[in-house]
file final27.cif (mmCIF, C-alpha atoms (C1' of nucleotides))
data_data
loop_
_atom_site.group_PDB
_atom_site.id
_atom_site.type_symbol
_atom_site.label_atom_id
_atom_site.label_comp_id
_atom_site.auth_asym_id
_atom_site.auth_seq_id
_atom_site.Cartn_x
_atom_site.Cartn_y
_atom_site.Cartn_z
ATOM 1 C CA MET I 30 -11.596 -8.918 -3.998
ATOM 2 C CA PRO I 31 -9.742 -6.081 -2.411
ATOM 3 C CA GLU I 32 -6.021 -6.249 -2.772
ATOM 4 C CA LEU I 33 -3.962 -3.148 -3.476
ATOM 5 C CA PRO I 34 -5.237 -2.532 -7.047
ATOM 6 C CA GLU I 35 -8.879 -2.830 -6.011
ATOM 7 C CA VAL I 36 -8.397 -0.505 -3.059
ATOM 8 C CA GLU I 37 -6.606 1.986 -5.312
ATOM 9 C CA THR I 38 -9.549 1.745 -7.734
ATOM 10 C CA TYR I 39 -11.980 2.340 -4.840
ATOM 11 C CA ARG I 40 -9.908 5.319 -3.737
ATOM 12 C CA ARG I 41 -10.150 6.876 -7.177
ATOM 13 C CA TYR I 42 -13.887 6.202 -7.249
ATOM 14 C CA PHE I 43 -14.227 7.884 -3.868
ATOM 15 C CA GLU I 44 -12.264 10.905 -5.142
ATOM 16 C CA GLU I 45 -14.803 11.299 -7.943
ATOM 17 C CA THR I 46 -17.861 10.864 -5.736
ATOM 18 C CA ALA I 47 -17.832 11.265 -1.961
ATOM 19 C CA LEU I 48 -14.794 13.527 -1.668
ATOM 20 C CA GLY I 49 -15.812 17.001 -0.537
ATOM 21 C CA GLN I 50 -19.087 15.799 0.956
ATOM 22 C CA THR I 51 -20.195 16.558 4.502
ATOM 23 C CA VAL I 52 -21.472 13.673 6.612
ATOM 24 C CA VAL I 53 -24.853 14.128 8.253
ATOM 25 C CA ASP I 54 -25.641 10.588 9.399
ATOM 26 C CA LEU I 55 -24.386 7.039 9.553
ATOM 27 C CA LYS I 56 -26.032 3.625 9.634
ATOM 28 C CA ALA I 57 -24.274 0.403 10.567
ATOM 29 C CA GLU I 58 -25.920 -2.995 10.390
ATOM 30 C CA ASP I 59 -23.509 -4.830 12.689
ATOM 31 C CA PRO I 60 -21.597 -2.049 14.464
ATOM 32 C CA ARG I 61 -20.044 -4.186 17.169
ATOM 33 C CA ARG I 62 -18.400 -6.392 14.600
ATOM 34 C CA GLN I 63 -17.520 -3.996 11.805
ATOM 35 C CA LEU I 64 -16.735 -0.768 13.621
ATOM 36 C CA THR I 65 -13.491 -0.655 15.582
ATOM 37 C CA LEU I 66 -14.963 1.930 17.945
ATOM 38 C CA ASP I 67 -18.480 2.246 19.235
ATOM 39 C CA TYR I 68 -21.167 3.585 16.973
ATOM 40 C CA ASP I 69 -21.860 6.784 18.922
ATOM 41 C CA THR I 70 -18.183 7.719 18.992
ATOM 42 C CA LEU I 71 -17.854 7.170 15.259
ATOM 43 C CA LEU I 72 -21.016 9.128 14.496
ATOM 44 C CA ASN I 73 -19.780 12.015 16.644
ATOM 45 C CA ALA I 74 -16.425 11.961 14.881
ATOM 46 C CA LEU I 75 -18.122 12.147 11.476
ATOM 47 C CA LYS I 76 -21.197 14.286 11.915
ATOM 48 C CA GLY I 77 -20.796 17.708 10.323
ATOM 49 C CA LYS I 78 -17.298 16.817 9.090
ATOM 50 C CA GLN I 79 -16.207 16.988 5.499
ATOM 51 C CA PHE I 80 -14.200 14.368 3.573
ATOM 52 C CA VAL I 81 -11.214 16.445 2.485
ATOM 53 C CA GLY I 82 -8.609 14.014 1.155
ATOM 54 C CA THR I 83 -7.681 10.383 0.586
ATOM 55 C CA HIS I 84 -4.689 8.102 1.104
ATOM 56 C CA ARG I 85 -3.935 4.451 0.715
ATOM 57 C CA ILE I 86 -1.412 2.234 2.468
ATOM 58 C CA GLY I 87 -1.514 -1.237 0.964
ATOM 59 C CA LYS I 88 -5.105 -2.432 1.336
ATOM 60 C CA HIS I 89 -6.000 0.241 3.889
ATOM 61 C CA PHE I 90 -8.028 3.226 2.682
ATOM 62 C CA LEU I 91 -7.793 6.458 4.668
ATOM 63 C CA VAL I 92 -9.968 9.538 4.397
ATOM 64 C CA ASN I 93 -8.908 12.884 5.875
ATOM 65 C CA LEU I 94 -11.707 14.573 7.781
ATOM 66 C CA SER I 95 -12.063 18.338 8.127
ATOM 67 C CA SER I 96 -11.582 17.794 11.884
ATOM 68 C CA GLY I 97 -8.028 16.546 11.283
ATOM 69 C CA ASN I 98 -8.902 12.950 12.164
ATOM 70 C CA VAL I 99 -8.728 10.143 9.650
ATOM 71 C CA LEU I 100 -11.482 7.702 8.731
ATOM 72 C CA VAL I 101 -10.033 4.267 8.052
ATOM 73 C CA LEU I 102 -11.657 1.606 5.879
ATOM 74 C CA HIS I 103 -10.411 -1.917 5.428
ATOM 75 C CA PHE I 104 -12.331 -3.981 2.920
ATOM 76 C CA GLY I 105 -11.605 -7.479 4.222
ATOM 77 C CA MET I 106 -12.285 -10.150 1.618
ATOM 78 C CA THR I 107 -15.428 -8.796 -0.008
ATOM 79 C CA GLY I 108 -15.598 -5.036 0.582
ATOM 80 C CA ASP I 109 -16.651 -2.470 -2.031
ATOM 81 C CA LEU I 110 -18.005 1.082 -2.266
ATOM 82 C CA ALA I 111 -21.081 2.516 -3.967
ATOM 83 C CA TYR I 112 -22.172 6.154 -4.189
ATOM 84 C CA TYR I 113 -25.866 6.661 -4.851
ATOM 85 C CA ARG I 114 -28.824 8.814 -3.903
ATOM 86 C CA ASP I 115 -32.071 6.924 -3.526
ATOM 87 C CA GLU I 116 -33.006 4.394 -0.868
ATOM 88 C CA GLU I 117 -34.173 1.993 -3.574
ATOM 89 C CA ASP I 118 -30.675 1.980 -5.069
ATOM 90 C CA THR I 119 -29.132 0.710 -1.851
ATOM 91 C CA PRO I 120 -26.872 -2.159 -2.905
ATOM 92 C CA ARG I 121 -27.235 -5.639 -1.491
ATOM 93 C CA PHE I 122 -24.948 -6.182 1.524
ATOM 94 C CA ALA I 123 -24.592 -2.447 2.243
ATOM 95 C CA ARG I 124 -23.376 -2.971 5.816
ATOM 96 C CA VAL I 125 -22.485 0.641 6.604
ATOM 97 C CA VAL I 126 -23.968 3.729 4.916
ATOM 98 C CA PHE I 127 -22.660 7.309 5.131
ATOM 99 C CA TYR I 128 -25.300 10.001 4.510
ATOM 100 C CA PHE I 129 -24.239 13.340 3.025
ATOM 101 C CA SER I 130 -25.668 16.838 3.134
ATOM 102 C CA ASN I 131 -26.175 16.821 -0.657
ATOM 103 C CA GLY I 132 -28.655 13.949 -0.351
ATOM 104 C CA PHE I 133 -26.290 11.294 -1.668
ATOM 105 C CA ARG I 134 -25.010 8.276 0.244
ATOM 106 C CA LEU I 135 -21.928 6.084 0.263
ATOM 107 C CA ALA I 136 -22.385 2.389 0.988
ATOM 108 C CA PHE I 137 -19.680 0.166 2.418
ATOM 109 C CA ILE I 138 -20.672 -3.119 0.821
ATOM 110 C CA ASP I 139 -19.312 -6.273 2.449
ATOM 111 C CA SER I 140 -21.102 -9.582 2.062
ATOM 112 C CA ARG I 141 -18.815 -11.532 4.386
ATOM 113 C CA LYS I 142 -18.371 -8.889 7.021
ATOM 114 C CA PHE I 143 -14.588 -9.094 7.355
ATOM 115 C CA GLY I 144 -14.344 -5.385 6.574
ATOM 116 C CA ARG I 145 -13.646 -2.827 9.321
ATOM 117 C CA ILE I 146 -14.211 0.900 9.729
ATOM 118 C CA GLY I 147 -12.596 3.099 12.343
ATOM 119 C CA ILE I 148 -10.944 6.393 13.168
ATOM 120 C CA ALA I 149 -7.250 7.203 13.564
ATOM 121 C CA ALA I 150 -5.540 10.346 14.819
ATOM 122 C CA SER I 151 -3.309 10.527 11.759
ATOM 123 C CA ILE I 152 -2.034 8.441 8.877
ATOM 124 C CA GLU I 153 1.361 8.057 10.539
ATOM 125 C CA GLU I 154 -0.196 6.933 13.809
ATOM 126 C CA TYR I 155 -2.319 4.362 12.005
ATOM 127 C CA GLN I 156 0.569 2.965 9.954
ATOM 128 C CA LYS I 157 2.614 2.620 13.109
ATOM 129 C CA LYS I 158 -0.175 1.044 15.116
ATOM 130 C CA LYS I 159 -0.855 -1.547 12.418
ATOM 131 C CA ALA I 160 2.898 -2.029 11.838
ATOM 132 C CA LEU I 161 2.371 -1.729 8.095
ATOM 133 C CA GLY I 162 5.451 -1.941 5.919
ATOM 134 C CA PRO I 163 5.995 0.318 2.915
ATOM 135 C CA ASP I 164 3.276 0.302 0.301
ATOM 136 C CA ALA I 165 4.036 -2.388 -2.278
ATOM 137 C CA LEU I 166 4.126 0.245 -5.047
ATOM 138 C CA ASP I 167 6.719 2.286 -3.161
ATOM 139 C CA ILE I 168 9.032 -0.319 -1.643
ATOM 140 C CA THR I 169 12.568 -0.142 -2.994
ATOM 141 C CA LEU I 170 14.692 -3.122 -3.916
ATOM 142 C CA PRO I 171 17.101 -2.530 -0.979
ATOM 143 C CA GLN I 172 14.152 -2.301 1.427
ATOM 144 C CA LEU I 173 12.665 -5.520 0.092
ATOM 145 C CA GLN I 174 16.024 -7.271 0.208
ATOM 146 C CA ALA I 175 16.744 -6.153 3.767
ATOM 147 C CA SER I 176 13.431 -7.407 5.073
ATOM 148 C CA ILE I 177 13.494 -10.889 3.527
ATOM 149 C CA GLU I 178 17.089 -11.934 2.892
ATOM 150 C CA LYS I 179 17.525 -13.561 6.305
ATOM 151 C CA ARG I 180 14.121 -15.203 6.463
ATOM 152 C CA LYS I 181 13.873 -18.954 6.024
ATOM 153 C CA ALA I 182 10.149 -19.087 5.360
ATOM 154 C CA PRO I 183 8.858 -19.764 1.847
ATOM 155 C CA ILE I 184 8.813 -16.570 -0.189
ATOM 156 C CA LYS I 185 5.080 -16.570 -0.803
ATOM 157 C CA PRO I 186 3.837 -16.078 2.772
ATOM 158 C CA LEU I 187 6.420 -13.307 3.213
ATOM 159 C CA LEU I 188 4.917 -11.450 0.244
ATOM 160 C CA LEU I 189 1.570 -11.708 2.035
ATOM 161 C CA ASP I 190 3.012 -10.274 5.267
ATOM 162 C CA GLN I 191 1.749 -6.690 5.455
ATOM 163 C CA LYS I 192 4.561 -5.815 7.884
ATOM 164 C CA ILE I 193 7.127 -6.455 5.149
ATOM 165 C CA LEU I 194 5.261 -4.696 2.372
ATOM 166 C CA ALA I 195 1.641 -3.604 2.325
ATOM 167 C CA GLY I 196 -0.877 -4.473 -0.332
ATOM 168 C CA ILE I 197 -0.152 -7.938 -1.720
ATOM 169 C CA GLY I 198 -2.813 -10.605 -1.359
ATOM 170 C CA ASN I 199 -3.149 -14.190 -2.422
ATOM 171 C CA TRP I 200 -3.627 -13.921 -6.170
ATOM 172 C CA ILE I 201 -1.080 -11.112 -6.576
ATOM 173 C CA ALA I 202 1.539 -13.116 -4.691
ATOM 174 C CA ASP I 203 1.009 -15.985 -7.151
ATOM 175 C CA GLU I 204 1.050 -13.639 -10.137
ATOM 176 C CA VAL I 205 4.223 -11.892 -8.966
ATOM 177 C CA LEU I 206 6.056 -15.175 -8.393
ATOM 178 C CA PHE I 207 4.929 -16.478 -11.781
ATOM 179 C CA GLN I 208 6.091 -13.330 -13.569
ATOM 180 C CA ALA I 209 9.399 -13.450 -11.666
ATOM 181 C CA LYS I 210 9.728 -17.222 -12.312
ATOM 182 C CA ILE I 211 10.258 -18.045 -8.645
ATOM 183 C CA ASN I 212 8.810 -21.105 -6.918
ATOM 184 C CA PRO I 213 6.397 -20.100 -4.131
ATOM 185 C CA VAL I 214 7.950 -22.421 -1.548
ATOM 186 C CA LYS I 215 11.527 -21.331 -2.217
ATOM 187 C CA PRO I 216 13.007 -20.172 1.112
ATOM 188 C CA ALA I 217 13.415 -16.403 1.007
ATOM 189 C CA ASN I 218 17.040 -16.553 2.141
ATOM 190 C CA THR I 219 17.963 -18.674 -0.888
ATOM 191 C CA LEU I 220 16.880 -16.097 -3.488
ATOM 192 C CA SER I 221 19.757 -14.815 -5.609
ATOM 193 C CA ASP I 222 20.342 -11.100 -6.205
ATOM 194 C CA SER I 223 18.982 -11.603 -9.688
ATOM 195 C CA GLU I 224 15.831 -13.283 -8.382
ATOM 196 C CA LEU I 225 15.299 -10.506 -5.850
ATOM 197 C CA LYS I 226 15.589 -7.955 -8.618
ATOM 198 C CA HIS I 227 13.102 -9.835 -10.784
ATOM 199 C CA LEU I 228 10.786 -10.182 -7.801
ATOM 200 C CA HIS I 229 10.843 -6.453 -7.162
ATOM 201 C CA GLN I 230 10.218 -5.702 -10.846
ATOM 202 C CA ALA I 231 7.364 -8.224 -10.972
ATOM 203 C CA ILE I 232 5.663 -6.591 -7.982
ATOM 204 C CA GLN I 233 5.645 -3.254 -9.794
ATOM 205 C CA LEU I 234 4.565 -4.822 -13.092
ATOM 206 C CA VAL I 235 1.644 -6.766 -11.635
ATOM 207 C CA LEU I 236 0.363 -3.922 -9.476
ATOM 208 C CA GLN I 237 0.662 -1.267 -12.165
ATOM 209 C CA THR I 238 -0.983 -3.503 -14.751
ATOM 210 C CA ALA I 239 -3.840 -4.351 -12.388
ATOM 211 C CA ILE I 240 -4.414 -0.676 -11.568
ATOM 212 C CA GLU I 241 -4.361 0.283 -15.265
ATOM 213 C CA HIS I 242 -7.083 -2.289 -15.819
ATOM 214 C CA GLU I 243 -8.992 -1.023 -12.772
ATOM 215 C CA ALA I 244 -8.616 -4.468 -11.231
ATOM 216 C CA ILE I 245 -10.994 -5.991 -13.800
ATOM 217 C CA TYR I 246 -9.403 -9.404 -14.120
ATOM 218 C CA GLN I 247 -11.003 -10.389 -17.407
ATOM 219 C CA THR I 248 -9.115 -7.604 -19.193
ATOM 220 C CA PHE I 249 -5.674 -8.508 -17.841
ATOM 221 C CA PRO I 250 -2.993 -9.568 -20.343
ATOM 222 C CA LYS I 251 -3.083 -13.142 -21.580
ATOM 223 C CA SER I 252 0.383 -13.593 -20.096
ATOM 224 C CA PHE I 253 -1.088 -13.369 -16.599
ATOM 225 C CA LEU I 254 -1.608 -16.416 -14.437
ATOM 226 C CA ILE I 255 -4.786 -15.026 -12.922
ATOM 227 C CA HIS I 256 -6.939 -16.399 -15.735
ATOM 228 C CA ALA I 257 -6.235 -19.886 -14.386
ATOM 229 C CA ARG I 258 -8.361 -19.118 -11.326
ATOM 230 C CA GLY I 259 -11.565 -19.089 -13.324
ATOM 231 C CA TRP I 260 -12.865 -15.795 -11.956
ATOM 232 C CA ASP I 261 -14.088 -14.747 -15.363
ATOM 233 C CA ASP I 262 -17.722 -15.773 -15.109
ATOM 234 C CA THR I 263 -18.486 -14.650 -18.666
ATOM 235 C CA VAL I 264 -16.937 -17.838 -20.006
ATOM 236 C CA GLU I 265 -17.572 -21.455 -19.106
ATOM 237 C CA THR I 266 -14.369 -23.408 -18.572
ATOM 238 C CA THR I 267 -13.336 -26.487 -16.693
ATOM 239 C CA ALA I 268 -10.432 -26.396 -14.272
ATOM 240 C CA ALA I 269 -8.344 -28.486 -16.683
ATOM 241 C CA GLU I 270 -8.971 -26.067 -19.552
ATOM 242 C CA ARG I 271 -8.137 -23.091 -17.413
ATOM 243 C CA GLN I 272 -5.248 -24.296 -15.292
ATOM 244 C CA ILE I 273 -2.700 -24.010 -18.046
ATOM 245 C CA CYS I 274 0.576 -22.103 -18.031
ATOM 246 C CA PRO I 275 0.259 -19.102 -20.375
ATOM 247 C CA ARG I 276 3.866 -19.624 -21.474
ATOM 248 C CA HIS I 277 3.943 -23.389 -22.026
ATOM 249 C CA GLY I 278 0.346 -24.484 -22.327
ATOM 250 C CA THR I 279 1.169 -27.178 -19.792
ATOM 251 C CA PRO I 280 -0.787 -27.915 -16.596
ATOM 252 C CA LEU I 281 -0.266 -25.722 -13.568
ATOM 253 C CA GLU I 282 0.073 -27.074 -10.063
ATOM 254 C CA VAL I 283 -2.315 -26.129 -7.311
ATOM 255 C CA ALA I 284 -0.985 -26.463 -3.773
ATOM 256 C CA LYS I 285 -1.373 -25.057 -0.278
ATOM 257 C CA VAL I 286 1.444 -22.717 0.691
ATOM 258 C CA GLY I 287 1.259 -20.915 3.996
ATOM 259 C CA GLY I 288 -2.276 -22.206 4.303
ATOM 260 C CA ARG I 289 -3.391 -20.492 1.097
ATOM 261 C CA THR I 290 -4.331 -21.957 -2.267
ATOM 262 C CA THR I 291 -1.388 -21.409 -4.590
ATOM 263 C CA TYR I 292 -1.137 -21.698 -8.376
ATOM 264 C CA PHE I 293 2.210 -22.034 -10.080
ATOM 265 C CA CYS I 294 3.898 -23.526 -13.141
ATOM 266 C CA PRO I 295 6.374 -26.290 -12.246
ATOM 267 C CA ILE I 296 8.272 -25.619 -15.481
ATOM 268 C CA CYS I 297 8.583 -21.819 -15.214
ATOM 269 C CA GLN I 298 9.035 -21.872 -11.457
ATOM 270 C CA PRO I 299 11.204 -24.887 -10.599
ATOM 271 C CA LEU I 300 12.492 -25.330 -7.089
ATOM 272 C "C1'" DC U 11 -25.582 -30.258 2.757
ATOM 273 C "C1'" DT U 12 -20.760 -29.354 2.431
ATOM 274 C "C1'" DC U 13 -16.982 -26.640 1.566
ATOM 275 C "C1'" DA U 14 -13.655 -23.155 -0.147
ATOM 276 C "C1'" DG U 15 -12.397 -18.488 0.135
ATOM 277 C "C1'" DT U 16 -9.753 -12.384 -2.442
ATOM 278 C "C1'" DG U 17 -7.756 -10.989 4.626
ATOM 279 C "C1'" DT U 18 -6.335 -10.464 9.305
ATOM 280 C "C1'" DT U 19 -5.426 -11.825 13.953
ATOM 281 C "C1'" DC U 20 -4.296 -14.632 17.605
ATOM 282 C "C1'" DA U 21 -3.003 -18.873 20.151
ATOM 283 C "C1'" DG U 22 0.359 -22.272 20.255
ATOM 284 C "C1'" DT U 23 4.936 -24.240 19.249
ATOM 285 C "C1'" DG U 24 9.778 -24.244 18.846
ATOM 286 C "C1'" DT X 8 11.001 -12.002 21.750
ATOM 287 C "C1'" DC X 9 11.022 -13.837 17.327
ATOM 288 C "C1'" DA X 10 9.707 -16.899 13.409
ATOM 289 C "C1'" DC X 11 6.455 -19.672 11.918
ATOM 290 C "C1'" DT X 12 1.989 -22.537 11.544
ATOM 291 C "C1'" DG X 13 -2.712 -23.286 11.670
ATOM 292 C "C1'" DA X 14 -7.200 -22.188 13.119
ATOM 293 C "C1'" DA X 15 -10.785 -18.903 13.675
ATOM 294 C "C1'" DC X 16 -13.673 -15.273 12.192
ATOM 295 C "C1'" DA X 17 -18.900 -14.543 8.914
ATOM 296 C "C1'" DC X 18 -21.043 -15.315 5.198
ATOM 297 C "C1'" DT X 19 -22.096 -16.392 0.344
ATOM 298 C "C1'" DG X 20 -22.266 -19.078 -3.549
ATOM 299 C "C1'" DA X 21 -20.818 -23.119 -6.046
#
call {"tool": "encode", "arguments": {"input": "final27.cif", "output": "structure tokens"}}
result
Amino acid sequence: MPELPEVETYRRYFEETALGQTVVDLKAEDPRRQLTLDYDTLLNALKGKQFVGTHRIGKHFLVNLSSGNVLVLHFGMTGDLAYYRDEEDTPRFARVVFYFSNGFRLAFIDSRKFGRIGIAASIEEYQKKKALGPDALDITLPQLQASIEKRKAPIKPLLLDQKILAGIGNWIADEVLFQAKINPVKPANTLSDSELKHLHQAIQLVLQTAIEHEAIYQTFPKSFLIHARGWDDTVETTAAERQICPRHGTPLEVAKVGGRTTYFCPICQPL
DNA sequence: CTCAGTGTTCAGTG
DNA sequence: TCACTGAACACTGA
């Protein structure tokens, strides 16, 4: 489920576990697909090197190596991390495993194999190469305004464009637009100054709230739209029970916008 | 058995 | 070149 809040949560987990460790070995189940450089090159870049720091740009997780290079992890749709010691504790779908000199291991878990691992010369070089916009937590209102005010596309797919701002994925885009009371198909160039301001505030609100809750959706405020998606598997609900606006108690609409499933409230977010 | 999907990239169109 | 759309990618779980 890795959007910005999940990746930030993984980063903090990494800081408490694998940071400071020295890599002694590496295993990759499907190296040609999941590594962006060949296995031997990656192993050589890691072996004997220490993990000395972490960064995050949007959904991209970067680890400073003692060599000066940067290890880059992207979690795709289903990536996760697990730090553990014994072989028998290897999680299911551990596609790549880092082995450390202290006997512990770090698994890159990724059931659907959209995740990628590679090496970059520096954080700046990587951000430039991937053309990533400012991190969604850092983007300023003038920056956001400048990059979307002339665009005619619906606002939602622009929020998903990592070149404009980095870190927003499908559910956060819906949540942000709901909190800002903006219709997802509204052309970006028709947003008023007030709407842009609310949009910018909603981005900060949703991301900060999600990070505070360590991206555990079930614990998010009741005022959040995310509960409509039915990802809380501790309760049994039908779509009709769930797909209700938290403000009005009226049915939400589910549509495809920019090719992605989109939830919104036609009353809160009129066109 | 079929199908949707939390992300990204690329081909194709205008 | 740019803006935009839609399909493809791999796999699991409903």
call {"tool": "residues_around", "arguments": {"input": "final27.cif", "residues": "DT18 (chain U)", "least_positions_apart": "5", "cutoff": "10 Å", "atoms": "all atoms listed in the file", "output": "PyMOL selection string"}}
result
(chain I and resi 105-106+143-144+191) or (chain X and resi 16)
call {"tool": "interface_residues", "arguments": {"input": "final27.cif", "of": "chain I", "to": "chain U", "cutoff": "10 Å", "atoms": "all atoms listed in the file", "output": "PDB file with C-alpha atoms, in the frame of the given file"}}
result
ATOM      1  CA  MET I  30     -11.596  -8.918  -3.998  1.00  0.00           C
ATOM      2  CA  PRO I  31      -9.742  -6.081  -2.411  1.00  0.00           C
ATOM      3  CA  GLU I  32      -6.021  -6.249  -2.772  1.00  0.00           C
ATOM      4  CA  LYS I  88      -5.105  -2.432   1.336  1.00  0.00           C
ATOM      5  CA  HIS I 103     -10.411  -1.917   5.428  1.00  0.00           C
ATOM      6  CA  PHE I 104     -12.331  -3.981   2.920  1.00  0.00           C
ATOM      7  CA  GLY I 105     -11.605  -7.479   4.222  1.00  0.00           C
ATOM      8  CA  MET I 106     -12.285 -10.150   1.618  1.00  0.00           C
ATOM      9  CA  THR I 107     -15.428  -8.796  -0.008  1.00  0.00           C
ATOM     10  CA  GLY I 108     -15.598  -5.036   0.582  1.00  0.00           C
ATOM     11  CA  PHE I 143     -14.588  -9.094   7.355  1.00  0.00           C
ATOM     12  CA  GLY I 144     -14.344  -5.385   6.574  1.00  0.00           C
ATOM     13  CA  LEU I 189       1.570 -11.708   2.035  1.00  0.00           C
ATOM     14  CA  GLN I 191       1.749  -6.690   5.455  1.00  0.00           C
ATOM     15  CA  GLY I 198      -2.813 -10.605  -1.359  1.00  0.00           C
ATOM     16  CA  ASN I 199      -3.149 -14.190  -2.422  1.00  0.00           C
ATOM     17  CA  TRP I 200      -3.627 -13.921  -6.170  1.00  0.00           C
ATOM     18  CA  ILE I 201      -1.080 -11.112  -6.576  1.00  0.00           C
ATOM     19  CA  ARG I 289      -3.391 -20.492   1.097  1.00  0.00           C
ATOM     20  CA  THR I 290      -4.331 -21.957  -2.267  1.00  0.00           C
TER      21      THR I 290
END
call {"tool": "closest_atom_pairs", "arguments": {"input": "final27.cif", "of": "chain I", "to": "chain X", "cutoff": "8 Å", "atoms": "all atoms listed in the file", "output": "CSV"}}
result
residue,atom,partner,partner_atom,distance
I:Ser140,CA,X:DC18,C1',6.5
I:Arg141,CA,X:DC18,C1',4.5
I:Lys142,CA,X:DA17,C1',6.0
I:Phe143,CA,X:DA17,C1',7.1
I:Ala182,CA,X:DC11,C1',7.5
I:Gly287,CA,X:DT12,C1',7.8
I:Gly288,CA,X:DG13,C1',7.5
call {"tool": "atom_distance", "arguments": {"input": "final27.cif", "atom1": "CA of Gln208 (chain I)", "atom2": "CA of Gln233 (chain I)"}}
result
10.8 Å
call {"tool": "resolve_selection", "arguments": {"input": "final27.cif", "expression": "the PyMOL selection byres ((chain I and resi 228-232) around 9)", "output": "list in words"}}
result
Ala165, Leu166, Ile168, Thr169, Leu170, Leu173, Ile197, Ile201, Ala202, Glu204, Val205, Leu206, Phe207, Gln208, Ala209, Lys210, Ile211, Ser223, Glu224, Leu225, Lys226, His227, Gln233, Leu234, Val235, Leu236 and Gln237 of chain I
call {"tool": "residues_around", "arguments": {"input": "final27.cif", "residues": "Leu300 (chain I)", "least_positions_apart": "2", "cutoff": "12 Å", "atoms": "all atoms listed in the file", "output": "MDAnalysis selection string"}}
result
chainID I and resid 183:184 210:216 219:220 293:298
call {"tool": "closest_residue", "arguments": {"input": "final27.cif", "among": "I:Pro120, I:Tyr246, I:Leu254, I:Gln156", "to": "His277 (chain I)", "atoms": "only C-alpha atoms"}}
result
I:Leu254
call {"tool": "atom_distance", "arguments": {"input": "final27.cif", "atom1": "CA of Asp54 (chain I)", "atom2": "CA of Arg134 (chain I)"}}
result
9.5 Å
call {"tool": "atom_distance", "arguments": {"input": "final27.cif", "atom1": "CA of Ala123 (chain I)", "atom2": "CA of Lys56 (chain I)"}}
result
9.7 Å
call {"tool": "closest_residue", "arguments": {"input": "final27.cif", "among": "I:Val101, I:Val53, I:Ile255, I:Ala195", "to": "Thr83 (chain I)", "atoms": "all atoms listed in the file"}}
result
I:Val101
call {"tool": "resolve_selection", "arguments": {"input": "final27.cif", "expression": "the PyMOL selection byres ((chain I and resi 38-42) around 8)", "output": "CSV table (one decimal) with C-alpha atoms, keeping the file's coordinate frame"}}
result
chain,number,residue,atom,x,y,z
I,34,PRO,CA,-5.2,-2.5,-7.0
I,35,GLU,CA,-8.9,-2.8,-6.0
I,36,VAL,CA,-8.4,-0.5,-3.1
I,37,GLU,CA,-6.6,2.0,-5.3
I,43,PHE,CA,-14.2,7.9,-3.9
I,44,GLU,CA,-12.3,10.9,-5.1
I,45,GLU,CA,-14.8,11.3,-7.9
I,46,THR,CA,-17.9,10.9,-5.7
I,83,THR,CA,-7.7,10.4,0.6
I,84,HIS,CA,-4.7,8.1,1.1
I,85,ARG,CA,-3.9,4.5,0.7
I,90,PHE,CA,-8.0,3.2,2.7
I,109,ASP,CA,-16.7,-2.5,-2.0
I,110,LEU,CA,-18.0,1.1,-2.3
I,240,ILE,CA,-4.4,-0.7,-11.6
I,243,GLU,CA,-9.0,-1.0,-12.8
I,244,ALA,CA,-8.6,-4.5,-11.2
call {"tool": "residues_around", "arguments": {"input": "final27.cif", "residues": "region 159-161 of chain I", "least_positions_apart": "3", "cutoff": "9 Å", "atoms": "all atoms listed in the file", "output": "PyMOL selection string"}}
result
chain I and resi 86-87+154-156+164+191-195
call {"tool": "resolve_selection", "arguments": {"input": "final27.cif", "expression": "the PyMOL selection byres ((chain I and resi 50) around 6)", "output": "MDAnalysis selection string"}}
result
chainID I and resid 47:49 51 79:80
call {"tool": "axis_aligned_box", "arguments": {"input": "final27.cif", "around": "region 11-14 of chain X", "padding_each_side": "8 Å", "output": "lines of an AutoDock Vina configuration file"}}
result
center_x = -0.4
center_y = -21.5
center_z = 12.3
size_x = 29.7
size_y = 19.6
size_z = 17.6
